[in-house]
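**Q** Below you'll find model_38.cif; it's mmCIF, C-alpha atoms and all ligand atoms.
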```
data_target
loop_
_atom_site.label_atom_id
_atom_site.label_comp_id
_atom_site.auth_asym_id
_atom_site.auth_seq_id
_atom_site.Cartn_x
_atom_site.Cartn_y
_atom_site.Cartn_z
CA MET A 1 214.09 -10.22 314.85
CA SER A 2 215.45 -13.18 312.87
CA VAL A 3 218.74 -12.70 311.06
CA VAL A 4 219.48 -14.20 307.67
CA THR A 5 223.03 -14.17 306.34
CA ALA A 6 223.45 -12.62 302.91
CA SER A 7 226.51 -14.56 301.82
CA ALA A 8 224.55 -17.08 299.76
CA THR A 9 222.76 -14.35 297.82
CA ARG A 10 225.56 -11.76 297.63
CA GLU A 11 224.82 -9.45 294.70
CA GLN A 12 227.40 -8.64 291.95
CA ARG A 13 226.83 -4.94 292.44
CA VAL A 14 225.22 -3.38 295.51
CA THR A 15 222.51 -0.87 294.64
CA VAL A 16 219.88 1.05 296.56
CA ARG A 17 217.37 -1.53 295.30
CA SER A 18 219.42 -4.48 296.49
CA LEU A 19 219.71 -2.89 299.94
CA ALA A 20 215.92 -2.46 300.03
CA ARG A 21 215.55 -6.15 299.13
CA ARG A 22 217.92 -7.05 301.94
CA LYS A 23 215.68 -5.29 304.43
CA CYS A 24 212.61 -7.16 303.14
CA ARG A 25 214.44 -10.49 303.49
CA GLY A 26 215.87 -9.65 306.92
CA GLU A 27 219.46 -9.82 305.57
CA ARG A 28 221.98 -7.58 307.30
CA PHE A 29 224.61 -5.53 305.44
CA ALA A 30 227.90 -3.83 306.31
CA MET A 31 229.01 -0.29 305.59
CA LEU A 32 232.54 0.96 306.30
CA THR A 33 234.14 4.32 305.74
CA ALA A 34 236.99 4.60 303.23
CA TYR A 35 238.95 7.59 302.02
CA ASP A 36 241.47 6.24 299.50
CA PHE A 37 241.99 3.71 296.70
CA ALA A 38 244.18 1.22 298.61
CA PHE A 39 241.81 0.59 301.51
CA ALA A 40 238.68 0.86 299.36
CA ARG A 41 240.01 -1.94 297.14
CA ILE A 42 240.67 -4.17 300.17
CA PHE A 43 237.23 -3.50 301.67
CA ASP A 44 235.42 -3.97 298.36
CA ALA A 45 237.13 -7.33 297.79
CA ALA A 46 236.36 -8.32 301.40
CA GLY A 47 232.64 -7.96 300.74
CA VAL A 48 231.87 -4.64 302.41
CA ASP A 49 228.53 -3.67 300.87
CA VAL A 50 228.63 0.12 301.17
CA LEU A 51 231.72 2.35 301.19
CA LEU A 52 231.01 5.68 302.85
CA VAL A 53 233.38 8.55 302.18
CA GLY A 54 232.37 10.10 305.47
CA ASP A 55 233.10 13.61 306.59
CA SER A 56 234.85 11.79 309.46
CA LEU A 57 237.60 12.47 306.91
CA GLY A 58 238.06 15.66 308.91
CA ASN A 59 238.84 13.72 312.11
CA VAL A 60 240.69 10.62 311.01
CA VAL A 61 242.52 11.80 307.88
CA GLN A 62 242.93 15.53 308.43
CA GLY A 63 243.38 15.51 312.23
CA GLU A 64 240.65 18.10 312.88
CA GLU A 65 238.59 18.05 316.10
CA THR A 66 235.26 18.18 314.27
CA THR A 67 233.91 17.40 310.81
CA LEU A 68 232.94 21.04 310.25
CA PRO A 69 235.99 22.23 308.25
CA VAL A 70 235.72 19.50 305.57
CA THR A 71 235.10 21.02 302.14
CA LEU A 72 233.16 19.79 299.11
CA GLU A 73 236.37 19.80 297.03
CA GLU A 74 238.10 17.52 299.56
CA THR A 75 235.12 15.15 299.66
CA ILE A 76 234.92 15.02 295.87
CA TYR A 77 238.63 14.17 295.69
CA HIS A 78 238.44 11.34 298.25
CA THR A 79 235.19 9.98 296.82
CA ARG A 80 236.81 9.69 293.40
CA LEU A 81 239.69 7.66 294.87
CA VAL A 82 237.26 5.29 296.58
CA ALA A 83 234.93 5.00 293.58
CA ARG A 84 237.84 3.91 291.37
CA ALA A 85 238.37 0.90 293.63
CA ALA A 86 234.76 -0.12 294.13
CA GLY A 87 233.86 -2.99 291.81
CA ARG A 88 230.91 -4.18 293.88
CA ALA A 89 230.21 -1.79 296.75
CA LEU A 90 227.81 1.12 296.64
CA VAL A 91 229.82 4.34 297.09
CA VAL A 92 228.23 7.08 299.20
CA GLY A 93 229.73 10.58 299.39
CA ASP A 94 229.00 12.53 302.57
CA MET A 95 227.83 16.10 301.95
CA PRO A 96 230.01 18.41 304.07
CA PHE A 97 228.62 20.96 306.52
CA GLY A 98 227.27 24.01 304.68
CA THR A 99 226.75 22.30 301.32
CA TYR A 100 223.03 21.46 301.70
CA GLN A 101 221.64 23.63 304.51
CA VAL A 102 221.41 26.97 302.69
CA SER A 103 218.85 26.01 300.04
CA PRO A 104 217.54 22.90 298.26
CA GLU A 105 218.89 24.35 294.97
CA GLU A 106 222.40 24.60 296.36
CA ALA A 107 222.04 21.09 297.84
CA VAL A 108 221.18 19.69 294.40
CA ARG A 109 224.09 21.55 292.77
CA ASN A 110 226.54 20.17 295.33
CA ALA A 111 225.13 16.63 295.24
CA VAL A 112 225.47 16.68 291.44
CA ARG A 113 229.16 17.59 291.84
CA LEU A 114 229.70 14.64 294.18
CA VAL A 115 228.21 12.31 291.58
CA LYS A 116 229.70 13.93 288.45
CA GLU A 117 233.20 14.74 289.72
CA GLY A 118 233.47 12.35 292.68
CA ARG A 119 231.73 9.39 290.95
CA ALA A 120 229.55 8.78 294.02
CA HIS A 121 226.56 6.49 293.52
CA ALA A 122 224.65 8.24 296.31
CA VAL A 123 225.09 11.07 298.83
CA LYS A 124 224.50 11.28 302.58
CA LEU A 125 223.34 14.25 304.61
CA GLU A 126 222.49 14.82 308.27
CA GLY A 127 219.11 15.76 309.72
CA GLY A 128 215.39 15.10 309.33
CA ARG A 129 212.61 17.68 309.00
CA ASP A 130 214.91 20.65 308.36
CA VAL A 131 216.63 18.97 305.43
CA ALA A 132 213.59 17.14 304.01
CA PRO A 133 213.17 19.67 301.15
CA ALA A 134 216.83 19.20 300.20
CA ILE A 135 216.44 15.39 300.25
CA GLU A 136 213.34 15.63 298.04
CA ARG A 137 215.08 17.85 295.49
CA ILE A 138 218.25 15.75 295.32
CA VAL A 139 216.24 12.54 294.91
CA GLY A 140 214.17 14.40 292.29
CA ALA A 141 217.40 15.04 290.39
CA GLY A 142 217.99 11.28 290.26
CA ILE A 143 220.53 11.00 293.08
CA PRO A 144 219.84 8.55 295.92
CA VAL A 145 220.14 10.11 299.39
CA MET A 146 221.10 8.43 302.66
CA GLY A 147 219.78 10.20 305.78
CA HIS A 148 221.53 10.43 309.17
CA VAL A 149 219.77 11.10 312.50
CA GLY A 150 220.46 10.83 316.23
CA LEU A 151 223.93 12.17 316.96
CA THR A 152 224.66 14.35 313.94
CA PRO A 153 228.28 15.51 314.26
CA GLN A 154 227.78 18.53 311.98
CA SER A 155 225.43 19.94 314.69
CA ILE A 156 227.97 19.34 317.45
CA HIS A 157 227.80 22.90 318.79
CA LYS A 158 223.99 22.82 318.89
CA LEU A 159 223.97 19.41 320.59
CA GLY A 160 226.57 20.58 323.13
CA GLY A 161 228.95 17.65 322.60
CA PHE A 162 229.18 14.10 321.32
CA ARG A 163 226.43 12.56 323.46
CA VAL A 164 223.90 9.75 323.12
CA GLN A 165 220.58 11.04 321.70
CA GLY A 166 216.98 10.03 322.43
CA ARG A 167 217.29 9.22 326.12
CA THR A 168 214.16 11.07 327.33
CA GLU A 169 210.61 10.48 326.02
CA LYS A 170 210.64 13.86 324.27
CA ALA A 171 214.06 13.29 322.72
CA ARG A 172 213.01 9.78 321.64
CA ALA A 173 209.96 11.14 319.82
CA ARG A 174 212.14 13.79 318.17
CA VAL A 175 214.68 11.25 316.84
CA LEU A 176 211.88 8.97 315.58
CA ALA A 177 210.22 11.95 313.82
CA GLU A 178 213.56 12.93 312.22
CA ALA A 179 214.06 9.39 310.87
CA LYS A 180 210.49 9.33 309.49
CA ALA A 181 210.97 12.75 307.90
CA ALA A 182 214.14 11.60 306.11
CA SER A 183 212.44 8.41 304.94
CA ASP A 184 209.24 10.21 303.84
CA ALA A 185 211.33 12.73 301.90
CA GLY A 186 212.73 9.86 299.83
CA ALA A 187 215.94 8.76 301.58
CA PHE A 188 216.84 5.17 300.57
CA ALA A 189 218.43 4.42 303.97
CA VAL A 190 218.96 6.23 307.27
CA VAL A 191 222.04 6.14 309.54
CA LEU A 192 221.11 5.96 313.24
CA GLU A 193 224.00 7.26 315.35
CA ALA A 194 224.46 7.01 319.15
CA MET A 195 221.04 6.15 320.56
CA PRO A 196 219.55 3.49 322.86
CA ALA A 197 219.22 0.11 321.14
CA ASP A 198 215.45 -0.07 321.77
CA LEU A 199 214.89 3.27 320.05
CA ALA A 200 216.93 2.12 317.02
CA ARG A 201 214.83 -1.08 316.95
CA GLU A 202 211.59 0.94 317.03
CA ILE A 203 212.80 3.18 314.18
CA THR A 204 213.96 0.15 312.16
CA GLN A 205 210.49 -1.39 312.52
CA SER A 206 208.69 1.90 311.78
CA ILE A 207 210.32 3.03 308.56
CA ALA A 208 210.25 1.20 305.24
CA VAL A 209 213.87 1.88 304.27
CA PRO A 210 216.96 0.21 305.77
CA THR A 211 218.56 1.66 308.90
CA ILE A 212 222.32 1.58 309.43
CA GLY A 213 223.48 1.74 313.02
CA ILE A 214 226.58 3.15 314.67
CA GLY A 215 226.30 3.00 318.43
CA ALA A 216 222.64 2.05 317.95
CA GLY A 217 222.57 -1.60 318.96
CA PRO A 218 222.11 -4.87 317.07
CA ASP A 219 218.65 -4.48 315.52
CA CYS A 220 219.40 -2.09 312.66
CA ASP A 221 219.33 -3.46 309.11
CA GLY A 222 223.01 -2.63 308.63
CA GLN A 223 225.97 -1.47 310.67
CA VAL A 224 228.68 1.09 309.97
CA LEU A 225 232.10 1.69 311.50
CA VAL A 226 234.83 4.22 310.77
CA MET A 227 237.72 2.26 309.22
CA HIS A 228 240.33 3.78 311.54
CA ASP A 229 238.38 2.44 314.55
CA LEU A 230 237.95 -1.03 313.00
CA LEU A 231 241.65 -1.28 312.16
CA GLY A 232 243.14 0.28 315.29
CA LEU A 233 244.52 3.33 313.51
CA THR A 234 243.27 5.88 316.01
CA ASP A 235 245.27 7.19 318.91
CA GLY A 236 243.78 7.06 322.40
CA TRP A 237 240.07 7.15 323.33
CA SER A 238 237.42 5.49 321.23
CA PRO A 239 233.66 5.24 321.90
CA THR A 240 232.20 2.17 323.68
CA PHE A 241 230.36 0.98 320.58
CA VAL A 242 233.57 0.55 318.60
CA LYS A 243 234.96 -2.94 318.06
CA GLN A 244 238.58 -3.00 316.97
CA TYR A 245 239.10 -5.97 314.63
CA ALA A 246 242.85 -5.45 314.06
CA ASN A 247 245.68 -3.35 315.41
CA LEU A 248 247.27 -1.97 312.26
CA GLY A 249 248.54 1.03 314.22
CA ALA A 250 250.86 -1.22 316.27
CA LEU A 251 251.93 -3.16 313.15
CA ALA A 252 252.71 0.04 311.22
CA SER A 253 254.65 1.45 314.15
CA GLN A 254 256.69 -1.76 314.47
CA ALA A 255 257.40 -1.83 310.73
CA ALA A 256 258.55 1.80 310.71
CA ARG A 257 260.81 1.23 313.76
CA SER A 258 262.44 -1.81 312.11
CA TYR A 259 263.00 0.16 308.91
CA VAL A 260 264.63 3.08 310.76
CA GLU A 261 266.84 0.67 312.72
CA GLU A 262 267.93 -1.26 309.60
CA VAL A 263 268.70 1.92 307.65
CA GLU A 264 270.71 3.28 310.55
CA ASN A 265 272.74 0.09 311.04
CA GLY A 266 273.25 -0.51 307.29
CA LYS A 267 271.20 -3.74 307.15
CA PHE A 268 268.79 -2.32 304.55
CA PRO A 269 269.10 -2.44 301.58
CA GLU A 270 270.52 -5.95 301.28
CA PRO A 271 271.97 -7.29 297.98
CA GLU A 272 268.57 -8.61 296.78
CA HIS A 273 267.15 -5.09 296.96
CA CYS A 274 269.88 -3.65 294.70
CA TYR A 275 270.07 -3.41 290.88
CA ARG A 276 273.08 -5.01 289.22
O1 LIG B 301 231.31 10.65 308.58
C1 LIG B 301 231.13 9.47 308.88
O2 LIG B 301 232.05 8.64 308.89
C2 LIG B 301 229.78 9.08 309.25
C3 LIG B 301 229.57 7.70 309.79
C4 LIG B 301 230.11 7.60 311.16
C5 LIG B 301 228.15 7.30 309.72
O3 LIG B 301 228.89 9.84 309.11
#
```
Any chance you could give the structure as structure tokens?
**A**
Amino acid sequence: MSVVTASATREQRVTVRSLARRKCRGERFAMLTAYDFAFARIFDAAGVDVLLVGDSLGNVVQGEETTLPVTLEETIYHTRLVARAAGRALVVGDMPFGTYQVSPEEAVRNAVRLVKEGRAHAVKLEGGRDVAPAIERIVGAGIPVMGHVGLTPQSIHKLGGFRVQGRTEKARARVLAEAKAASDAGAFAVVLEAMPADLAREITQSIAVPTIGIGAGPDCDGQVLVMHDLLGLTDGWSPTFVKQYANLGALASQAARSYVEEVENGKFPEPEHCYR
């Protein structure tokens, strides 16, 4: 697969149509999670194409073990913070567990809230065949939907843990069918999480809409990372597919230690920090 860089043709505003054009031209794009105004503004200015307010919010912001407890109210709140900062990026709000599985009607109602109250440009939900009716109805209401197949963290208890998907022939066919189902139902892009690179390549070549990989190898149309992994803000273990581009955790820790030390020994505040 030949790769074209998008920098020369970078659009003023990323839309579902511009992402589709990128796939046709073989231009890659970058998605990153964001949960607040400050980081969303930095990422938007840095050229991140899609800002995902992921339900990884539960893990990296709220300190939960899974994404399951995240609520629609919490996602709406964080999506609004991110949307305020996004001058160029497409903002995608992740639909929390339980907000789209019960019925397509409820899925539409909740997606509408993410757009109306959270200012999302699009929503994301996990699954393929089972959620196809919900995808169709949400798209029918005028809201673009991003699919998500492979390792779907909201099904963690059904999957029996955070494990790579699609390793056997049967599992491969299942993941491919899920991706096709999401695309056929009208999804404008599909996240491929934790699967062999050759399966992600096959899916990317088989469906018309862009794929966005996380732990799915180099041949997807886009890539996504969780911002805390990218910036070194997590504590301890991180998956093999993560690349840490900075260690803000160590910098923040050093800054806080210096502050504590200077307050304790009377060095801060100095005269230039005081009103006269
Ligand atoms: O919630 C999230 O951050 C996600 C990405 C990892 C794709 O779903």
**Q** List all protein, DNA and RNA residues that have an atom no more than 10 Å from any atom of ligand LIG 301 (chain B), counting only C-alpha atoms and all ligand atoms, and report them as a VMD selection string.
**A** chain A and resid 31 to 35 51 to 60 67 93 to 96 124 to 126 147 to 149 151 to 154 190 to 194 212 to 215 223 to 228
**Q** Counting all atoms listed in the file, which residue out of A:Ser238, A:Gln205, A:Asn247, A:Ser258 sits closest to Gly26 in chain A?
**A** A:Gln205
**Q** Please determine, counting all atoms listed in the file, which residue among A:Glu178, A:Met146, A:Leu231, A:Lys116 has the shortest atom-to-atom distance to Phe43 in chain A.
**A** A:Leu231
**Q** Return the single residue from A:Glu73, A:Asp130, A:Glu272, A:Glu136 that is closest to Leu114 in chain A, with distances computed using only C-alpha atoms.
**A**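 When distances to Leu114 in chain A are compared using only C-alpha atoms, the smallest one comes from A:Glu73.
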**Q** Go ahead and compute the interatomic distance for CA of Gln244 in chain A and CA of Asp229 in chain A, in Å to one decimal.
**A**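 Value for the CA of Gln244 in chain A-CA of Asp229 in chain A distance: 6.0 Å.
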**Q** Because some atoms of range 160-171 of chain A are absent here, can you restore all heavy atoms and send them as a JSON list (two decimals), in the frame of the given file?
**A**
```json
[["chain", "number", "residue", "atom", "x", "y", "z"],
["A", 160, "GLY", "N", 225.78, 20.36, 321.90],
["A", 160, "GLY", "CA", 226.57, 20.58, 323.13],
["A", 160, "GLY", "C", 227.55, 19.45, 323.43],
["A", 160, "GLY", "O", 227.92, 19.25, 324.58],
["A", 161, "GLY", "N", 227.94, 18.69, 322.41],
["A", 161, "GLY", "CA", 228.95, 17.65, 322.60],
["A", 161, "GLY", "C", 228.53, 16.35, 321.95],
["A", 161, "GLY", "O", 227.39, 16.20, 321.50],
["A", 162, "PHE", "N", 229.46, 15.41, 321.91],
["A", 162, "PHE", "CA", 229.18, 14.10, 321.32],
["A", 162, "PHE", "C", 228.49, 13.24, 322.38],
["A", 162, "PHE", "O", 229.15, 12.61, 323.20],
["A", 162, "PHE", "CB", 230.48, 13.42, 320.87],
["A", 162, "PHE", "CG", 231.15, 14.13, 319.73],
["A", 162, "PHE", "CD1", 232.19, 15.01, 319.96],
["A", 162, "PHE", "CD2", 230.72, 13.95, 318.42],
["A", 162, "PHE", "CE1", 232.81, 15.68, 318.91],
["A", 162, "PHE", "CE2", 231.32, 14.62, 317.38],
["A", 162, "PHE", "CZ", 232.38, 15.49, 317.62],
["A", 163, "ARG", "N", 227.17, 13.31, 322.44],
["A", 163, "ARG", "CA", 226.43, 12.56, 323.46],
["A", 163, "ARG", "C", 225.30, 11.72, 322.85],
["A", 163, "ARG", "O", 224.80, 12.04, 321.78],
["A", 163, "ARG", "CB", 225.89, 13.51, 324.53],
["A", 163, "ARG", "CG", 225.05, 14.63, 323.98],
["A", 163, "ARG", "CD", 224.61, 15.64, 325.04],
["A", 163, "ARG", "NE", 225.63, 16.62, 325.35],
["A", 163, "ARG", "CZ", 226.20, 16.78, 326.54],
["A", 163, "ARG", "NH1", 225.86, 16.03, 327.56],
["A", 163, "ARG", "NH2", 227.11, 17.72, 326.73],
["A", 164, "VAL", "N", 224.97, 10.65, 323.58],
["A", 164, "VAL", "CA", 223.90, 9.75, 323.12],
["A", 164, "VAL", "C", 222.60, 10.55, 323.02],
["A", 164, "VAL", "O", 222.28, 11.35, 323.89],
["A", 164, "VAL", "CB", 223.75, 8.57, 324.11],
["A", 164, "VAL", "CG1", 222.58, 7.68, 323.73],
["A", 164, "VAL", "CG2", 225.05, 7.76, 324.16],
["A", 165, "GLN", "N", 221.84, 10.31, 321.95],
["A", 165, "GLN", "CA", 220.58, 11.04, 321.70],
["A", 165, "GLN", "C", 219.38, 10.15, 322.02],
["A", 165, "GLN", "O", 219.49, 8.92, 322.03],
["A", 165, "GLN", "CB", 220.52, 11.47, 320.23],
["A", 165, "GLN", "CG", 221.67, 12.35, 319.80],
["A", 165, "GLN", "CD", 221.69, 13.70, 320.52],
["A", 165, "GLN", "OE1", 220.73, 14.46, 320.45],
["A", 165, "GLN", "NE2", 222.79, 13.99, 321.21],
["A", 166, "GLY", "N", 218.23, 10.78, 322.27],
["A", 166, "GLY", "CA", 216.98, 10.03, 322.43],
["A", 166, "GLY", "C", 216.83, 9.32, 323.76],
["A", 166, "GLY", "O", 216.21, 8.26, 323.83],
["A", 167, "ARG", "N", 217.36, 9.91, 324.81],
["A", 167, "ARG", "CA", 217.29, 9.22, 326.12],
["A", 167, "ARG", "C", 216.02, 9.55, 326.89],
["A", 167, "ARG", "O", 215.59, 8.77, 327.71],
["A", 167, "ARG", "CB", 218.53, 9.57, 326.94],
["A", 167, "ARG", "CG", 219.74, 8.74, 326.52],
["A", 167, "ARG", "CD", 220.63, 8.47, 327.71],
["A", 167, "ARG", "NE", 221.43, 7.27, 327.56],
["A", 167, "ARG", "CZ", 222.74, 7.24, 327.64],
["A", 167, "ARG", "NH1", 223.42, 8.35, 327.85],
["A", 167, "ARG", "NH2", 223.38, 6.10, 327.53],
["A", 168, "THR", "N", 215.42, 10.74, 326.65],
["A", 168, "THR", "CA", 214.16, 11.07, 327.33],
["A", 168, "THR", "C", 213.01, 10.78, 326.36],
["A", 168, "THR", "O", 213.25, 10.61, 325.15],
["A", 168, "THR", "CB", 214.11, 12.57, 327.70],
["A", 168, "THR", "OG1", 214.13, 13.31, 326.47],
["A", 168, "THR", "CG2", 215.30, 12.98, 328.57],
["A", 169, "GLU", "N", 211.77, 10.76, 326.88],
["A", 169, "GLU", "CA", 210.61, 10.48, 326.02],
["A", 169, "GLU", "C", 210.52, 11.50, 324.89],
["A", 169, "GLU", "O", 210.25, 11.16, 323.74],
["A", 169, "GLU", "CB", 209.33, 10.48, 326.85],
["A", 169, "GLU", "CG", 209.02, 9.16, 327.53],
["A", 169, "GLU", "CD", 209.14, 7.95, 326.60],
["A", 169, "GLU", "OE1", 208.52, 7.95, 325.52],
["A", 169, "GLU", "OE2", 209.88, 7.01, 326.93],
["A", 170, "LYS", "N", 210.76, 12.78, 325.27],
["A", 170, "LYS", "CA", 210.64, 13.86, 324.27],
["A", 170, "LYS", "C", 211.73, 13.71, 323.20],
["A", 170, "LYS", "O", 211.46, 13.82, 321.99],
["A", 170, "LYS", "CB", 210.80, 15.20, 325.00],
["A", 170, "LYS", "CG", 210.26, 16.37, 324.25],
["A", 170, "LYS", "CD", 210.23, 17.59, 325.15],
["A", 170, "LYS", "CE", 210.34, 18.82, 324.28],
["A", 170, "LYS", "NZ", 210.80, 19.98, 324.99],
["A", 171, "ALA", "N", 212.95, 13.42, 323.66],
["A", 171, "ALA", "CA", 214.06, 13.29, 322.72],
["A", 171, "ALA", "C", 213.87, 12.06, 321.83],
["A", 171, "ALA", "O", 214.20, 12.08, 320.64],
["A", 171, "ALA", "CB", 215.37, 13.19, 323.49]]
```
